[in-house]
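Inspection log for the structure reproduced underneath, given as structure tokens.
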Amino acid sequence: MACQGDGASLWWPCKDHLSDEPNTTVIKITVPDTLKAVANGRLITDRREGKGKHSFTWAVSYPINSYNINVNVGNYVHFNDTYTANDGAKLDLDYYVLPYNLEKAKKHFRQVHDVLGCFEEFFGKYPFWEDGYKLIETSYLGMEHQSAIAYGNLYRRGYLGDRIPKDMNFDYIILHESGHEYFGNSVSASDLADMWIHESFTTYMEALFVECQMSYSAAVRYLEYQRPFIRNEEPIIGVRGVNWHKRVTTSDQYYKGSWILHTLRSIVDDDDRWKAYLKKFVQRI
Amino acid sequence: MKIIISEDILEYTQAYFKEIELKHFFSQYLYRPEIPVIHYKLSETQDGIKMQYQMQSQESDLKIPIKVRVGNQTIKIIAENKLKSLLLETDKCSDVQILKNLYLLDFVIQP
Ligand SMILES: [Zn+2]
């Protein structure tokens, strides 16, 4: 289940506006005892609720966009890992996948270390440390649910096996949705009209990841893959206060925004300053 | 954790890069749908390659520095909404390469 754009009030009563986030959230879900329920934050209780039922209670310890609050119910198996930050701090990585994908997932999700490592280099440590980092297998492609990323890219490279240069091998959904933990979930827009803040920066982060893993020239090649998607049909900042939504056909908030940042970097023409600007932006704005 | 609007980013960015005027850049790229177009022409002269160029943008005061490789050197030209001309120290048009993949600009070469 994902409700970005339409809003969380589709499925639970809430003050449904990006400008206001609950400071803490508790999510309790009761499901048949053959299933697991996974939501944002930490699992704080896990118990039987009478015959054939089981409840899972999750607690989020940071402010969260209402559209990011999410539940996933399935016949999940769980495995975990640990990411070690540059300062030695340990981050819990928890993965919930369907049983027949367990072995594939164990191998495929190793790339999370590369993603978190590069993002730490550019933007500082993963912002929701206390809540841990999760990937949860879903029937849809993906969504940046805070600390509980929906993953449905079928364990393929790129975007369902495509859309990245042949010499690159990362999973687009892991990369893109993890980027949103910084831009989208940590630095958040206050109105749908400003959603380029989420998508442009995150789409540009994909190129930064390529730069971190390969080189700047490889990052430019990656950006060239984004370029044909730019349409220039409407301004990427919309109209505030009207629950604005971009036209369905355009993805300029993603690719055009990414190229605007790339262009700005070329104008600045000083890599160290550019990187310091990005890091300070996330950490201090 | 911060909830912001676009203008917070613009203010922060302009304050960070004080020496670069960014108002017209953001107006063009964030508040308008179109992107600038660079029209340019290369012609051989006795003294070298003459490069003429002009930006066409909705923000009339927009200026964008663009890198151009000339042989094995890289120079910067400042594109703006007026026709400009430059003599490049080379005798072959094929030695001149605009680094187009660094900018969100459309380029049109004039015959
Ligand atoms: Zn996104």
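We label chains A, B, ... in the order they appear in the structure tokens, count residues from 1 in each chain, and number ligands from 1 in the order shown.
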Taking 4 positions as the minimum chain separation for residues in the same chain, which residues sit within 12 Å of stretch 13-20 of chain B when counting only C-alpha atoms? Answer as JSON, numbers by chain.
{"A": [261, 264, 265, 267, 268, 269, 270, 273, 274, 275, 276, 277, 278, 280, 281, 285], "B": [6, 7, 8, 9, 24, 25, 26, 62, 63, 64, 65]}
Would you please extract all strand (DSSP E) residues from stretch 61-131 of chain A, as assigned by DSSP on the backbone, and give them as a PyMOL selection string?
chain A and resi 71-74+77-84+90-97
Just N, CA and C atoms for this one: save the residues we selected as a PDB file, in the first residue's frame.
ATOM      1  N   VAL A  71       1.829   0.175   6.364  1.00  0.00           N
ATOM      2  CA  VAL A  71       1.824  -1.186   6.895  1.00  0.00           C
ATOM      3  C   VAL A  71       2.014  -2.175   5.736  1.00  0.00           C
ATOM      4  N   ASN A  72       2.728  -3.218   6.021  1.00  0.00           N
ATOM      5  CA  ASN A  72       2.954  -4.286   5.037  1.00  0.00           C
ATOM      6  C   ASN A  72       2.599  -5.594   5.720  1.00  0.00           C
ATOM      7  N   VAL A  73       1.715  -6.333   5.113  1.00  0.00           N
ATOM      8  CA  VAL A  73       1.301  -7.605   5.715  1.00  0.00           C
ATOM      9  C   VAL A  73       1.591  -8.719   4.721  1.00  0.00           C
ATOM     10  N   GLY A  74       2.296  -9.736   5.193  1.00  0.00           N
ATOM     11  CA  GLY A  74       2.618 -10.832   4.284  1.00  0.00           C
ATOM     12  C   GLY A  74       3.211 -12.012   5.023  1.00  0.00           C
ATOM     13  N   VAL A  77       9.590 -13.609   5.651  1.00  0.00           N
ATOM     14  CA  VAL A  77      10.696 -14.094   6.478  1.00  0.00           C
ATOM     15  C   VAL A  77      11.615 -12.904   6.708  1.00  0.00           C
ATOM     16  N   HIS A  78      12.269 -12.925   7.840  1.00  0.00           N
ATOM     17  CA  HIS A  78      13.082 -11.787   8.259  1.00  0.00           C
ATOM     18  C   HIS A  78      14.545 -12.193   8.326  1.00  0.00           C
ATOM     19  N   PHE A  79      15.428 -11.326   7.843  1.00  0.00           N
ATOM     20  CA  PHE A  79      16.861 -11.497   8.135  1.00  0.00           C
ATOM     21  C   PHE A  79      17.456 -10.126   8.382  1.00  0.00           C
ATOM     22  N   ASN A  80      18.613 -10.103   8.992  1.00  0.00           N
ATOM     23  CA  ASN A  80      19.176  -8.791   9.330  1.00  0.00           C
ATOM     24  C   ASN A  80      20.669  -8.719   9.069  1.00  0.00           C
ATOM     25  N   ASP A  81      21.148  -7.503   9.160  1.00  0.00           N
ATOM     26  CA  ASP A  81      22.542  -7.194   8.849  1.00  0.00           C
ATOM     27  C   ASP A  81      22.869  -5.931   9.649  1.00  0.00           C
ATOM     28  N   THR A  82      24.125  -5.509   9.584  1.00  0.00           N
ATOM     29  CA  THR A  82      24.513  -4.290  10.303  1.00  0.00           C
ATOM     30  C   THR A  82      25.386  -3.440   9.406  1.00  0.00           C
ATOM     31  N   TYR A  83      25.105  -2.151   9.391  1.00  0.00           N
ATOM     32  CA  TYR A  83      25.954  -1.210   8.667  1.00  0.00           C
ATOM     33  C   TYR A  83      26.792  -0.450   9.692  1.00  0.00           C
ATOM     34  N   THR A  84      28.071  -0.326   9.420  1.00  0.00           N
ATOM     35  CA  THR A  84      28.942   0.418  10.333  1.00  0.00           C
ATOM     36  C   THR A  84      29.305   1.760   9.707  1.00  0.00           C
ATOM     37  N   LYS A  90      26.809   1.587  14.818  1.00  0.00           N
ATOM     38  CA  LYS A  90      26.183   0.459  14.109  1.00  0.00           C
ATOM     39  C   LYS A  90      24.712   0.774  13.821  1.00  0.00           C
ATOM     40  N   LEU A  91      24.319   0.518  12.586  1.00  0.00           N
ATOM     41  CA  LEU A  91      22.926   0.709  12.171  1.00  0.00           C
ATOM     42  C   LEU A  91      22.308  -0.655  11.885  1.00  0.00           C
ATOM     43  N   ASP A  92      21.136  -0.909  12.464  1.00  0.00           N
ATOM     44  CA  ASP A  92      20.434  -2.164  12.186  1.00  0.00           C
ATOM     45  C   ASP A  92      19.794  -2.118  10.805  1.00  0.00           C
ATOM     46  N   LEU A  93      20.058  -3.140  10.029  1.00  0.00           N
ATOM     47  CA  LEU A  93      19.416  -3.304   8.725  1.00  0.00           C
ATOM     48  C   LEU A  93      18.510  -4.526   8.840  1.00  0.00           C
ATOM     49  N   ASP A  94      17.221  -4.337   8.642  1.00  0.00           N
ATOM     50  CA  ASP A  94      16.267  -5.449   8.744  1.00  0.00           C
ATOM     51  C   ASP A  94      15.529  -5.608   7.435  1.00  0.00           C
ATOM     52  N   TYR A  95      15.433  -6.848   6.998  1.00  0.00           N
ATOM     53  CA  TYR A  95      14.836  -7.136   5.703  1.00  0.00           C
ATOM     54  C   TYR A  95      13.701  -8.138   5.870  1.00  0.00           C
ATOM     55  N   TYR A  96      12.580  -7.838   5.217  1.00  0.00           N
ATOM     56  CA  TYR A  96      11.413  -8.723   5.253  1.00  0.00           C
ATOM     57  C   TYR A  96      11.060  -9.073   3.809  1.00  0.00           C
ATOM     58  N   VAL A  97      11.188 -10.344   3.478  1.00  0.00           N
ATOM     59  CA  VAL A  97      10.971 -10.764   2.085  1.00  0.00           C
ATOM     60  C   VAL A  97      10.101 -12.023   2.063  1.00  0.00           C
TER      61      VAL A  97
END
Ligand 1: which residues are within 8 Å, counting only C-alpha atoms and all ligand atoms, as a list in words?
Met143, Glu144, His176, Glu177, His180, His198, Glu199, Thr202, Thr203 and Tyr254 of chain A
Any chance you could export the current selection's N, CA, C and O atoms as a CSV table (one decimal), in the first residue's frame?
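Generated output (again_35.csv):
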chain,number,residue,atom,x,y,z
A,143,MET,N,8.5,2.5,-2.6
A,143,MET,CA,8.1,3.8,-2.0
A,143,MET,C,9.1,4.1,-0.8
A,143,MET,O,9.5,3.1,-0.1
A,144,GLU,N,9.3,5.4,-0.5
A,144,GLU,CA,10.3,5.8,0.4
A,144,GLU,C,9.8,5.8,1.9
A,144,GLU,O,10.3,6.5,2.7
A,176,HIS,N,17.2,4.9,-5.1
A,176,HIS,CA,16.4,6.0,-5.1
A,176,HIS,C,15.6,6.2,-3.8
A,176,HIS,O,15.6,7.2,-3.2
A,177,GLU,N,15.0,5.1,-3.3
A,177,GLU,CA,14.2,5.2,-2.1
A,177,GLU,C,15.0,5.4,-0.9
A,177,GLU,O,14.6,6.1,0.0
A,180,HIS,N,15.7,9.1,-0.6
A,180,HIS,CA,14.6,9.8,0.0
A,180,HIS,C,14.7,9.9,1.5
A,180,HIS,O,14.0,10.7,2.1
A,198,HIS,N,11.9,16.8,-2.9
A,198,HIS,CA,12.1,15.4,-2.7
A,198,HIS,C,12.7,14.7,-3.9
A,198,HIS,O,13.7,14.0,-3.8
A,199,GLU,N,12.1,14.9,-5.0
A,199,GLU,CA,12.4,14.1,-6.2
A,199,GLU,C,13.7,14.5,-7.0
A,199,GLU,O,14.5,13.7,-7.4
A,202,THR,N,16.8,13.7,-4.8
A,202,THR,CA,17.0,12.3,-4.8
A,202,THR,C,17.5,11.7,-6.1
A,202,THR,O,18.3,10.8,-6.2
A,203,THR,N,16.9,12.2,-7.2
A,203,THR,CA,17.3,11.7,-8.5
A,203,THR,C,18.7,12.2,-8.8
A,203,THR,O,19.5,11.4,-9.4
A,254,TYR,N,11.6,15.1,-11.3
A,254,TYR,CA,12.7,14.1,-11.1
A,254,TYR,C,13.9,14.5,-11.9
A,254,TYR,O,15.0,15.0,-11.4
Should the cut-off be 8 Å, what would the residue list for chain B against chain A look like, counting only C-alpha atoms, as a list in words?
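Here they are: Met1, Lys2, Ile3, Ile4, Ile5, Ser6, Tyr12, Thr13, Tyr16, Phe17, Ile20, Tyr29, Leu30, Tyr31, Arg32, Pro33, Glu34, Ile35, Ile64, Pro65, Ile66, Asn101, Leu102, Tyr103 and Leu104 of chain B.
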Polymer residues at most 8 Å from A:Tyr155, only C-alpha atoms, same-chain spacing of 5 or more positions, as an NGL selection string
:A and (104-105 or 108 or 171)
